[in-house]
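Participant: The structure follows.
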Amino acid sequence: MSGSVGAGHDGAAKELAARLRAAGVVVEVRDFLSALPSASARLLREGYTSSVGYVPAAYELLFRRLERKSLLWRVEKAICTSGSSDVQRWIEQVQPDVVVSTYPLASQCLGGLRAAGSLTARVLTYLTDPAAHISWLHPSVDEHLTVTAATAQQGAAAYATSFVVAGPLVPARFARPADLERLVHLRATLALPPGRPVALLVAGSLGLGDVLPSVRDVSAAGLVPLVLCGRNERLRRRVREVPGAVALGWRSDVHELMQLADVLVQNAGGLSFTEALVAGLPAVTYRPIPGHGRANASVLDRSGLALWARTPAALPDVLHRQLARTRILASLPDPTEVVLASLGLPRPAQPSSQTPSTPPAGI
């Protein structure tokens with residue numbers, strides 16, 4: 001079960017489904033938002049985009065207030081419960097042995113059904129965020145899976161909950177070095193100037209956050225801003241007006257762009273960061289979006305997985321520190337193994353695309 005808010009939750013669900021099917025498992029993927037009343041689904045999709053884009057302080061307050069389990073928490077629980085009947089119907093249709101959630105509100109709904117005895121299958125939550133948050137956690141969920149040890153450590157300290165370090169869910173192509181001729185051709189196609197390092201700027205599929213100031217600041221630091229604007233065409237048009245910046249829309253060759261780039265500059269800590277982690281691309285957080293973006297930035301910075309440049313004055317030094325790093329292509333665990341173990345099935349063969357090395361402590 002995923003949630004069609006942005007692309008990170010769906011991306012993780014899609015990749016896990018592909019790996020499990022390759023291992024011979026029958027998989028159904030459902031969007032939790034389709035189980036909700038239309039008004040609630042619209043509120044989650046549009047409310048997220050609007051609040052982060054136009055009233056970020058309000059979203060930051062919401063994110064923090066949910067931790068107190070007060071009125072806002074009860075509202076969130078009510079929204080989750082409103083999808084219970086449809087989710088229960090899905091469960092009766094599919095008769096799953098294991099249910100995996102990649103979306104926090106789906107986890108709350110599934111945990112509630114599990115607690116009520118309406119769901120007997122094992123329930124696993126896969127946290128797509130580097131920072132654990134109360135919305136991801138439910139006492140009746142059997143296991144909470146994280147991408148890195150940094151998330152597991154932060155979650156255990158903050159919530160006294162055990163986590164399983166399961167690894168990333170991104171396609172294997174991100175771990176494979178791109179063909180050199182292809183990269184030369186791609187660089188020429190994008191008209192990237194020679195002799196200058198390239199910073200790949202990402203702001204999620206929706207292009208949220210203070211992207212334009214980030215583009216200008218990265219350019220002022222001496223790097224070429226290669227900007228992924230996602231599906232935000234208005235942002236793409238505005239980035240094109242920044243001298244020296246290269247604005248791109250939705251792309252299917254992000255894995256090659258990450259091989260072309262010298263550093264990732266991100267503001268959310270979601271799917272794009274995980275892809276960079278698998279690609280071994282050094283990362284910097286700058287001008288993080290409110291709520292989970294700032295929480296993710298803190299966890300990634302403390303663990304050394306992505307340095308957080310907190311001010312424009314600090315950005316050049318942080319960027320050049322990361323540029324001095326070599327790519328680290330770490331040997332990372334596979335979440336498929338945890339799910340297969342829950343099904344009582346053997347582990348899949350280890351992929352050969354990831355080269356073992358000594359990863360940073362937070363991985």
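Residue numbers start at 1 in each chain; chains themselves are named A, B, ... in the order of the structure tokens; ligands are numbered from 1 in the order shown.
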Could you pull the residues within 10 Å of Val25 (chain A), counting only C-alpha atoms, minus those fewer than 5 positions along the same chain, as JSON, numbers by chain?

Facilitator: {"A": [17, 18, 19, 20, 340, 343, 345]}

Participant: So that I have them on file, write out the residues from the current selection with all heavy atoms, as a PDB file, in the first residue's frame.

Facilitator:
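Full text of result_6.pdb as output:
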ATOM      1  N   ALA A  17       7.557  -4.102  -5.389  1.00  0.00           N
ATOM      2  CA  ALA A  17       6.686  -5.023  -6.125  1.00  0.00           C
ATOM      3  C   ALA A  17       7.454  -5.729  -7.237  1.00  0.00           C
ATOM      4  O   ALA A  17       7.312  -6.945  -7.433  1.00  0.00           O
ATOM      5  CB  ALA A  17       5.497  -4.253  -6.696  1.00  0.00           C
ATOM      6  N   ALA A  18       8.292  -4.990  -7.965  1.00  0.00           N
ATOM      7  CA  ALA A  18       9.061  -5.592  -9.057  1.00  0.00           C
ATOM      8  C   ALA A  18      10.024  -6.653  -8.529  1.00  0.00           C
ATOM      9  O   ALA A  18      10.167  -7.732  -9.125  1.00  0.00           O
ATOM     10  CB  ALA A  18       9.818  -4.499  -9.811  1.00  0.00           C
ATOM     11  N   ARG A  19      10.692  -6.356  -7.420  1.00  0.00           N
ATOM     12  CA  ARG A  19      11.650  -7.321  -6.866  1.00  0.00           C
ATOM     13  C   ARG A  19      10.935  -8.569  -6.352  1.00  0.00           C
ATOM     14  O   ARG A  19      11.420  -9.694  -6.527  1.00  0.00           O
ATOM     15  CB  ARG A  19      12.448  -6.675  -5.747  1.00  0.00           C
ATOM     16  CG  ARG A  19      13.347  -5.535  -6.188  1.00  0.00           C
ATOM     17  CD  ARG A  19      14.186  -5.004  -5.035  1.00  0.00           C
ATOM     18  NE  ARG A  19      14.871  -3.769  -5.379  1.00  0.00           N
ATOM     19  CZ  ARG A  19      15.733  -3.153  -4.591  1.00  0.00           C
ATOM     20  NH1 ARG A  19      16.031  -3.669  -3.401  1.00  0.00           N
ATOM     21  NH2 ARG A  19      16.301  -2.017  -4.966  1.00  0.00           N
ATOM     22  N   LEU A  20       9.790  -8.383  -5.712  1.00  0.00           N
ATOM     23  CA  LEU A  20       9.062  -9.535  -5.180  1.00  0.00           C
ATOM     24  C   LEU A  20       8.500 -10.402  -6.302  1.00  0.00           C
ATOM     25  O   LEU A  20       8.526 -11.638  -6.215  1.00  0.00           O
ATOM     26  CB  LEU A  20       7.926  -9.055  -4.268  1.00  0.00           C
ATOM     27  CG  LEU A  20       8.361  -8.474  -2.917  1.00  0.00           C
ATOM     28  CD1 LEU A  20       7.189  -7.824  -2.211  1.00  0.00           C
ATOM     29  CD2 LEU A  20       8.970  -9.562  -2.035  1.00  0.00           C
ATOM     30  N   LEU A 340      10.470 -11.363   2.132  1.00  0.00           N
ATOM     31  CA  LEU A 340      10.493 -12.805   1.838  1.00  0.00           C
ATOM     32  C   LEU A 340      10.601 -13.625   3.111  1.00  0.00           C
ATOM     33  O   LEU A 340       9.977 -14.696   3.238  1.00  0.00           O
ATOM     34  CB  LEU A 340      11.654 -13.122   0.896  1.00  0.00           C
ATOM     35  CG  LEU A 340      11.534 -12.589  -0.541  1.00  0.00           C
ATOM     36  CD1 LEU A 340      12.795 -12.900  -1.323  1.00  0.00           C
ATOM     37  CD2 LEU A 340      10.309 -13.176  -1.235  1.00  0.00           C
ATOM     38  N   LEU A 343       7.377 -14.079   4.606  1.00  0.00           N
ATOM     39  CA  LEU A 343       6.588 -15.053   3.847  1.00  0.00           C
ATOM     40  C   LEU A 343       7.120 -16.471   4.005  1.00  0.00           C
ATOM     41  O   LEU A 343       6.547 -17.419   3.460  1.00  0.00           O
ATOM     42  CB  LEU A 343       6.600 -14.685   2.363  1.00  0.00           C
ATOM     43  CG  LEU A 343       5.836 -13.413   1.974  1.00  0.00           C
ATOM     44  CD1 LEU A 343       6.228 -12.968   0.573  1.00  0.00           C
ATOM     45  CD2 LEU A 343       4.335 -13.645   2.059  1.00  0.00           C
ATOM     46  N   LEU A 345      10.014 -17.468   2.786  1.00  0.00           N
ATOM     47  CA  LEU A 345      10.671 -17.827   1.535  1.00  0.00           C
ATOM     48  C   LEU A 345      12.152 -17.517   1.620  1.00  0.00           C
ATOM     49  O   LEU A 345      12.573 -16.640   2.382  1.00  0.00           O
ATOM     50  CB  LEU A 345      10.043 -17.055   0.368  1.00  0.00           C
ATOM     51  CG  LEU A 345       8.567 -17.358   0.080  1.00  0.00           C
ATOM     52  CD1 LEU A 345       8.039 -16.431  -0.999  1.00  0.00           C
ATOM     53  CD2 LEU A 345       8.388 -18.813  -0.337  1.00  0.00           C
TER      54      LEU A 345
END

Participant: Residues at most 9 Å from Asp142 (chain A), counting only C-alpha atoms, excluding those fewer than 5 positions away in the same chain, as a PyMOL selection string?

Facilitator: chain A and resi 111+122-125

Participant: Could the residues in this selection be written to a file with N, CA and C atoms, as an mmCIF file, in the first residue's frame?

Facilitator:
data_model
loop_
_atom_site.group_PDB
_atom_site.id
_atom_site.type_symbol
_atom_site.label_atom_id
_atom_site.label_comp_id
_atom_site.auth_asym_id
_atom_site.auth_seq_id
_atom_site.Cartn_x
_atom_site.Cartn_y
_atom_site.Cartn_z
ATOM 1 N N GLY A 111 -2.384 -0.572 10.921
ATOM 2 C CA GLY A 111 -2.148 -0.864 12.327
ATOM 3 C C GLY A 111 -3.442 -0.915 13.113
ATOM 4 N N ARG A 122 0.707 -10.364 8.500
ATOM 5 C CA ARG A 122 1.761 -9.517 9.038
ATOM 6 C C ARG A 122 1.776 -8.176 8.311
ATOM 7 N N VAL A 123 2.069 -7.118 9.053
ATOM 8 C CA VAL A 123 2.116 -5.769 8.494
ATOM 9 C C VAL A 123 3.513 -5.198 8.712
ATOM 10 N N LEU A 124 4.121 -4.739 7.631
ATOM 11 C CA LEU A 124 5.431 -4.097 7.683
ATOM 12 C C LEU A 124 5.288 -2.664 7.188
ATOM 13 N N THR A 125 5.966 -1.733 7.847
ATOM 14 C CA THR A 125 6.033 -0.348 7.384
ATOM 15 C C THR A 125 7.432 -0.073 6.891
#

Participant: Write down as a list in words the residues belonging to region 230-283 of chain A that are assigned strand (DSSP E or B) by DSSP computed on the backbone.

Facilitator: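 Residues of region 230-283 of chain A classed as strand (DSSP E or B): Val246, Ala247, Leu248, Val263, Leu264, Val265, Gln266 and Ala283 of chain A.
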
Participant: Between CA of Pro346 (chain A) and CA of Ala22 (chain A), what is the distance in Å, rounded to a tenth?

Facilitator: 12.9 Å

Participant: Return as a tab-separated table the residues of region 69-90 of chain A lying at most 10 Å from region 131-136 of chain A, together with the closest atom-to-atom pair for each and the distance in Å to one decimal, counting only C-alpha atoms, with rows in chain order and ascending residue number.

Facilitator:
residue	atom	partner	partner_atom	distance
A:Lys69	CA	A:Ile134	CA	8.7
A:Trp73	CA	A:Ser135	CA	8.6
A:Glu76	CA	A:Ser135	CA	8.7
A:Lys77	CA	A:Ser135	CA	9.3

Participant: Write to file, as an mmCIF file, in the first residue's frame, the residues of the selection just made, with C-alpha atoms.

Facilitator:
data_model
loop_
_atom_site.group_PDB
_atom_site.id
_atom_site.type_symbol
_atom_site.label_atom_id
_atom_site.label_comp_id
_atom_site.auth_asym_id
_atom_site.auth_seq_id
_atom_site.Cartn_x
_atom_site.Cartn_y
_atom_site.Cartn_z
ATOM 1 C CA LYS A 69 -0.946 13.397 19.796
ATOM 2 C CA TRP A 73 -3.357 13.711 15.750
ATOM 3 C CA GLU A 76 -5.178 12.384 11.222
ATOM 4 C CA LYS A 77 -6.419 9.194 12.868
#

Participant: Do a neighbour search on Gly83 (chain A) at 8 Å with only C-alpha atoms, toss out local chain neighbours closer than 6 positions, and write the hits as a list in words.

Facilitator: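 Result of the neighbour search: Phe32, Ala35, Leu36, Pro37 and Cys109 of chain A.
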
Participant: How far is it from CA of Pro177 (chain A) to CA of Val202 (chain A), in Å with one decimal?

Facilitator: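 Distance between the two atoms: 20.3 Å.
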
Participant: Which residues, written as a count of residues only, have at least one atom at most 9 Å from Arg216 (chain A), with only C-alpha atoms counted and residues fewer than 5 positions away on the same chain left out?

Facilitator: 6

Participant: Which is closest to Ala279 (chain A) among A:Pro168, A:Pro312, A:Pro139, A:Gly112, if we use only C-alpha atoms?

Facilitator: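 Checking each candidate against Ala279 (chain A), we get A:Pro168 as the closest.
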